[in-house]
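Since the structure comes first, as structure tokens, the remarks are kept for the end.
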Amino acid sequence: MFYTYGMYSIEQFYNWFYIVYIAILALSFWSIVYGLVSINRDVLHSIRVTRRIRNISIGCLIFVPLMFYSLWIVELIPLMRDGDRIDYIYSIFILDMAFVFPAFILSLVLILKRNALGLLLAPILFIKTFTVLFSATLGGLVKQIADGGGDPLEIAFYFVFSLAFLALAVFYLRRISFEEIRNE
């Protein structure tokens, strides 16, 4: 919700619902903050994953920001060099580079520090990655059907990686465990 309504708000989709878009953006952002600070510390300390899942997660948490920071910067360099601007999708640069990729890095650092909050954030970020990559796949397919545009290699790339992150999220969520908390 944060990402979608952030796009609607930043991209200036002015219509009768624009104020609602901003309200949903604000509510979803502060719900995330509230959710994170409200996590029961005892439950957080009970989270366990296998070493294999932890290592795969670390690799993916490094891979996504490195890949997309690189892609987005390559796309931004000509705009910055020429002082140009784009009319649409600039919100993706803002949201990804300022919020999403830092969340990956934060989760990575927390996992490396053996902080269980990183273990809790990782599958959420993997699901987010799936939804973004799969929507890019669908967008490319629609573009290809509509006007013959869309790079088939790019569409295939997004599709394969979206399925990989969906599989990772499902695998992760099926393998995560919570130790029993004893009240003594």
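Residues in the structure tokens are named by chain (A, B, ... in the order shown) and by number from 1 within that chain; ligands are numbered from 1 in the order shown.
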
Could you give me, as a PyMOL selection string, the residues within 10 Å of Ile89 of chain A, counting only C-alpha atoms and dropping anything in the same chain fewer than 2 positions from it? chain A and resi 7-8+10-11+86-87+91-94

What would the file look like if the residues just selected were written as an mmCIF file, in the first residue's frame with N, CA and C atoms?
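Output (selection-v7.cif):
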```cif
data_model
loop_
_atom_site.group_PDB
_atom_site.id
_atom_site.type_symbol
_atom_site.label_atom_id
_atom_site.label_comp_id
_atom_site.auth_asym_id
_atom_site.auth_seq_id
_atom_site.Cartn_x
_atom_site.Cartn_y
_atom_site.Cartn_z
ATOM 1 N N MET A 7 3.429 5.956 -5.187
ATOM 2 C CA MET A 7 3.509 6.238 -6.632
ATOM 3 C C MET A 7 2.379 7.163 -7.055
ATOM 4 N N TYR A 8 1.157 6.859 -6.630
ATOM 5 C CA TYR A 8 0.014 7.691 -7.025
ATOM 6 C C TYR A 8 0.195 9.129 -6.540
ATOM 7 N N ILE A 10 3.171 10.732 -5.584
ATOM 8 C CA ILE A 10 4.336 11.388 -6.177
ATOM 9 C C ILE A 10 4.120 11.677 -7.651
ATOM 10 N N GLU A 11 3.490 10.737 -8.364
ATOM 11 C CA GLU A 11 3.258 10.912 -9.802
ATOM 12 C C GLU A 11 2.138 11.918 -10.090
ATOM 13 N N ILE A 86 11.843 13.232 -16.551
ATOM 14 C CA ILE A 86 10.878 12.331 -17.165
ATOM 15 C C ILE A 86 9.502 12.659 -16.595
ATOM 16 N N ASP A 87 8.490 12.376 -17.377
ATOM 17 C CA ASP A 87 7.136 12.730 -16.959
ATOM 18 C C ASP A 87 6.500 11.698 -16.038
ATOM 19 N N SER A 91 8.677 8.259 -9.628
ATOM 20 C CA SER A 91 8.397 7.859 -8.243
ATOM 21 C C SER A 91 9.084 6.549 -7.893
ATOM 22 N N ILE A 92 9.275 5.687 -8.886
ATOM 23 C CA ILE A 92 9.937 4.410 -8.631
ATOM 24 C C ILE A 92 11.367 4.645 -8.154
ATOM 25 N N PHE A 93 12.064 5.581 -8.779
ATOM 26 C CA PHE A 93 13.421 5.906 -8.341
ATOM 27 C C PHE A 93 13.411 6.384 -6.891
ATOM 28 N N ILE A 94 12.483 7.269 -6.587
ATOM 29 C CA ILE A 94 12.405 7.847 -5.241
ATOM 30 C C ILE A 94 12.084 6.777 -4.207
#
```

Picked from segment 18-94 of chain A by DSSP as helix (DSSP H, G or I), as a PyMOL selection string: chain A and resi 18-37+41-45+51-82+90-94

Please produce a file of the residues just selected, as a PDB file, in the first residue's frame, where the atoms kept are C-alpha atoms.
```pdb
ATOM      1  CA  TYR A  18      -5.930  12.298  -4.647  1.00  0.00           C
ATOM      2  CA  ILE A  19      -6.356  13.301  -0.987  1.00  0.00           C
ATOM      3  CA  VAL A  20      -7.354   9.689  -0.255  1.00  0.00           C
ATOM      4  CA  TYR A  21      -4.128   8.529  -1.950  1.00  0.00           C
ATOM      5  CA  ILE A  22      -2.094  10.750   0.337  1.00  0.00           C
ATOM      6  CA  ALA A  23      -4.069   9.593   3.382  1.00  0.00           C
ATOM      7  CA  ILE A  24      -3.472   5.924   2.492  1.00  0.00           C
ATOM      8  CA  LEU A  25       0.217   6.663   1.893  1.00  0.00           C
ATOM      9  CA  ALA A  26       0.521   8.294   5.319  1.00  0.00           C
ATOM     10  CA  LEU A  27      -1.495   5.612   7.106  1.00  0.00           C
ATOM     11  CA  SER A  28       0.419   2.779   5.488  1.00  0.00           C
ATOM     12  CA  PHE A  29       3.810   4.348   6.273  1.00  0.00           C
ATOM     13  CA  TRP A  30       2.952   5.021   9.896  1.00  0.00           C
ATOM     14  CA  SER A  31       1.364   1.570  10.206  1.00  0.00           C
ATOM     15  CA  ILE A  32       4.684   0.076   9.177  1.00  0.00           C
ATOM     16  CA  VAL A  33       6.483   2.190  11.778  1.00  0.00           C
ATOM     17  CA  TYR A  34       3.916   1.341  14.452  1.00  0.00           C
ATOM     18  CA  GLY A  35       4.056  -2.356  13.574  1.00  0.00           C
ATOM     19  CA  LEU A  36       7.839  -2.427  13.861  1.00  0.00           C
ATOM     20  CA  VAL A  37       7.972  -0.678  17.236  1.00  0.00           C
ATOM     21  CA  ARG A  41      10.478  -8.638  21.969  1.00  0.00           C
ATOM     22  CA  ASP A  42       9.953 -12.125  23.419  1.00  0.00           C
ATOM     23  CA  VAL A  43       8.445 -13.335  20.147  1.00  0.00           C
ATOM     24  CA  LEU A  44      11.195 -11.604  18.203  1.00  0.00           C
ATOM     25  CA  HIS A  45      13.850 -13.462  20.201  1.00  0.00           C
ATOM     26  CA  ARG A  51      21.800 -21.463   8.376  1.00  0.00           C
ATOM     27  CA  ARG A  52      20.971 -22.264   4.740  1.00  0.00           C
ATOM     28  CA  ILE A  53      17.960 -19.922   4.696  1.00  0.00           C
ATOM     29  CA  ARG A  54      19.958 -17.258   6.508  1.00  0.00           C
ATOM     30  CA  ASN A  55      22.754 -17.456   3.903  1.00  0.00           C
ATOM     31  CA  ILE A  56      20.371 -17.444   0.929  1.00  0.00           C
ATOM     32  CA  SER A  57      18.589 -14.466   2.474  1.00  0.00           C
ATOM     33  CA  ILE A  58      21.855 -12.607   2.947  1.00  0.00           C
ATOM     34  CA  GLY A  59      22.735 -13.192  -0.706  1.00  0.00           C
ATOM     35  CA  CYS A  60      19.348 -11.984  -1.925  1.00  0.00           C
ATOM     36  CA  LEU A  61      19.356  -9.006   0.413  1.00  0.00           C
ATOM     37  CA  ILE A  62      22.679  -7.965  -1.142  1.00  0.00           C
ATOM     38  CA  PHE A  63      21.693  -8.826  -4.725  1.00  0.00           C
ATOM     39  CA  VAL A  64      18.496  -6.762  -5.034  1.00  0.00           C
ATOM     40  CA  PRO A  65      19.870  -3.381  -3.920  1.00  0.00           C
ATOM     41  CA  LEU A  66      23.126  -3.851  -5.842  1.00  0.00           C
ATOM     42  CA  MET A  67      21.313  -4.790  -9.032  1.00  0.00           C
ATOM     43  CA  PHE A  68      18.594  -2.162  -8.888  1.00  0.00           C
ATOM     44  CA  TYR A  69      20.714   0.685  -7.531  1.00  0.00           C
ATOM     45  CA  SER A  70      22.995   0.007 -10.499  1.00  0.00           C
ATOM     46  CA  LEU A  71      20.116  -0.123 -12.999  1.00  0.00           C
ATOM     47  CA  TRP A  72      18.428   2.995 -11.629  1.00  0.00           C
ATOM     48  CA  ILE A  73      21.673   4.986 -11.483  1.00  0.00           C
ATOM     49  CA  VAL A  74      22.476   4.038 -15.100  1.00  0.00           C
ATOM     50  CA  GLU A  75      19.025   5.324 -16.079  1.00  0.00           C
ATOM     51  CA  LEU A  76      19.432   8.500 -14.009  1.00  0.00           C
ATOM     52  CA  ILE A  77      22.925   9.470 -15.218  1.00  0.00           C
ATOM     53  CA  PRO A  78      21.775  10.768 -18.641  1.00  0.00           C
ATOM     54  CA  LEU A  79      18.925  12.669 -16.990  1.00  0.00           C
ATOM     55  CA  MET A  80      21.277  14.256 -14.454  1.00  0.00           C
ATOM     56  CA  ARG A  81      23.949  14.949 -17.083  1.00  0.00           C
ATOM     57  CA  ASP A  82      21.528  16.662 -19.462  1.00  0.00           C
ATOM     58  CA  TYR A  90      10.128   8.881 -11.484  1.00  0.00           C
ATOM     59  CA  SER A  91       8.397   7.859  -8.243  1.00  0.00           C
ATOM     60  CA  ILE A  92       9.937   4.410  -8.631  1.00  0.00           C
ATOM     61  CA  PHE A  93      13.421   5.906  -8.341  1.00  0.00           C
ATOM     62  CA  ILE A  94      12.405   7.847  -5.241  1.00  0.00           C
TER      63      ILE A  94
END
```

Using only C-alpha atoms, which of A:Ser46, A:Gln144, A:Gln12, A:Ser135 sits nearest Leu120 of chain A?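 Once distances to Leu120 of chain A are computed over only C-alpha atoms, the minimum belongs to A:Ser46.
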
Go ahead and compute the interatomic distance for atom CA of Phe157 of chain A and atom CA of Ala169 of chain A, in Å to one decimal.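 Pair atom CA of Phe157 of chain A / atom CA of Ala169 of chain A returns 18.3 Å.
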
What residues in chain A get the DSSP label strand (DSSP E or B)? Please answer as a VMD selection string. chain A and resid 47 to 48 177 to 178

Restricting it to N, CA and C atoms, dump the selection as an mmCIF file, in the first residue's frame.
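Done, and the output landed in part06.cif:
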```cif
data_model
loop_
_atom_site.group_PDB
_atom_site.id
_atom_site.type_symbol
_atom_site.label_atom_id
_atom_site.label_comp_id
_atom_site.auth_asym_id
_atom_site.auth_seq_id
_atom_site.Cartn_x
_atom_site.Cartn_y
_atom_site.Cartn_z
ATOM 1 N N ILE A 47 12.440 -16.266 17.105
ATOM 2 C CA ILE A 47 12.484 -16.564 15.671
ATOM 3 C C ILE A 47 13.776 -17.289 15.321
ATOM 4 N N ARG A 48 13.621 -18.365 14.560
ATOM 5 C CA ARG A 48 14.771 -19.140 14.127
ATOM 6 C C ARG A 48 14.612 -19.542 12.665
ATOM 7 N N SER A 177 10.769 -20.746 12.159
ATOM 8 C CA SER A 177 10.200 -21.370 13.359
ATOM 9 C C SER A 177 10.286 -20.388 14.512
ATOM 10 N N PHE A 178 9.458 -20.646 15.465
ATOM 11 C CA PHE A 178 9.422 -19.839 16.672
ATOM 12 C C PHE A 178 9.605 -20.785 17.855
#
```

Polymer residues at most 12 Å from Leu121 of chain A, only C-alpha atoms, same-chain spacing of 2 or more positions, as a short mmCIF file (atom, residue, chain, number, x, y, z; two decimals) with C-alpha atoms, in the first residue's frame:
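Output saved as around_19.cif:
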```
data_model
loop_
_atom_site.label_atom_id
_atom_site.label_comp_id
_atom_site.auth_asym_id
_atom_site.auth_seq_id
_atom_site.Cartn_x
_atom_site.Cartn_y
_atom_site.Cartn_z
CA ILE A 32 4.68 0.08 9.18
CA GLY A 35 4.06 -2.36 13.57
CA LEU A 36 7.84 -2.43 13.86
CA ILE A 39 6.75 -6.19 17.94
CA LEU A 44 11.20 -11.60 18.20
CA ILE A 47 12.48 -16.56 15.67
CA SER A 57 18.59 -14.47 2.47
CA ILE A 58 21.86 -12.61 2.95
CA LEU A 61 19.36 -9.01 0.41
CA VAL A 100 12.88 -0.04 -0.39
CA ALA A 103 15.10 -1.64 3.95
CA PHE A 104 16.97 -4.50 2.23
CA ILE A 105 20.27 -3.22 3.55
CA LEU A 106 18.83 -2.75 7.04
CA SER A 107 17.47 -6.31 7.05
CA LEU A 108 20.85 -7.57 5.83
CA VAL A 109 22.74 -5.72 8.57
CA LEU A 110 20.31 -6.95 11.22
CA ILE A 111 20.70 -10.56 10.07
CA ASN A 115 19.11 -9.50 15.27
CA ALA A 116 15.90 -11.44 14.65
CA LEU A 117 14.10 -8.37 13.29
CA GLY A 118 16.15 -8.85 10.11
CA LEU A 119 14.82 -12.41 9.88
CA PRO A 123 10.41 -12.58 3.76
CA ILE A 124 8.37 -9.37 3.64
CA LEU A 125 10.99 -7.86 1.35
CA PHE A 126 11.08 -11.00 -0.79
CA ILE A 127 7.31 -10.79 -1.27
CA LYS A 128 7.68 -7.11 -2.14
CA ALA A 169 9.41 -16.22 0.24
CA TYR A 172 11.34 -19.07 3.93
CA LEU A 173 7.89 -18.76 5.49
#
```

Looking at only C-alpha atoms, which of A:Gly6, A:Gly148, A:Gly83, A:Gly139 is the one that sits closest to Leu95 of chain A? A:Gly6

Just the number, please: distance in Å from atom CA of Arg175 of chain A to atom CA of Thr137 of chain A, one decimal. 27.9 Å

note - atom CA of Asp96 of chain A and atom CA of Thr4 of chain A are separated by 11.7 Å
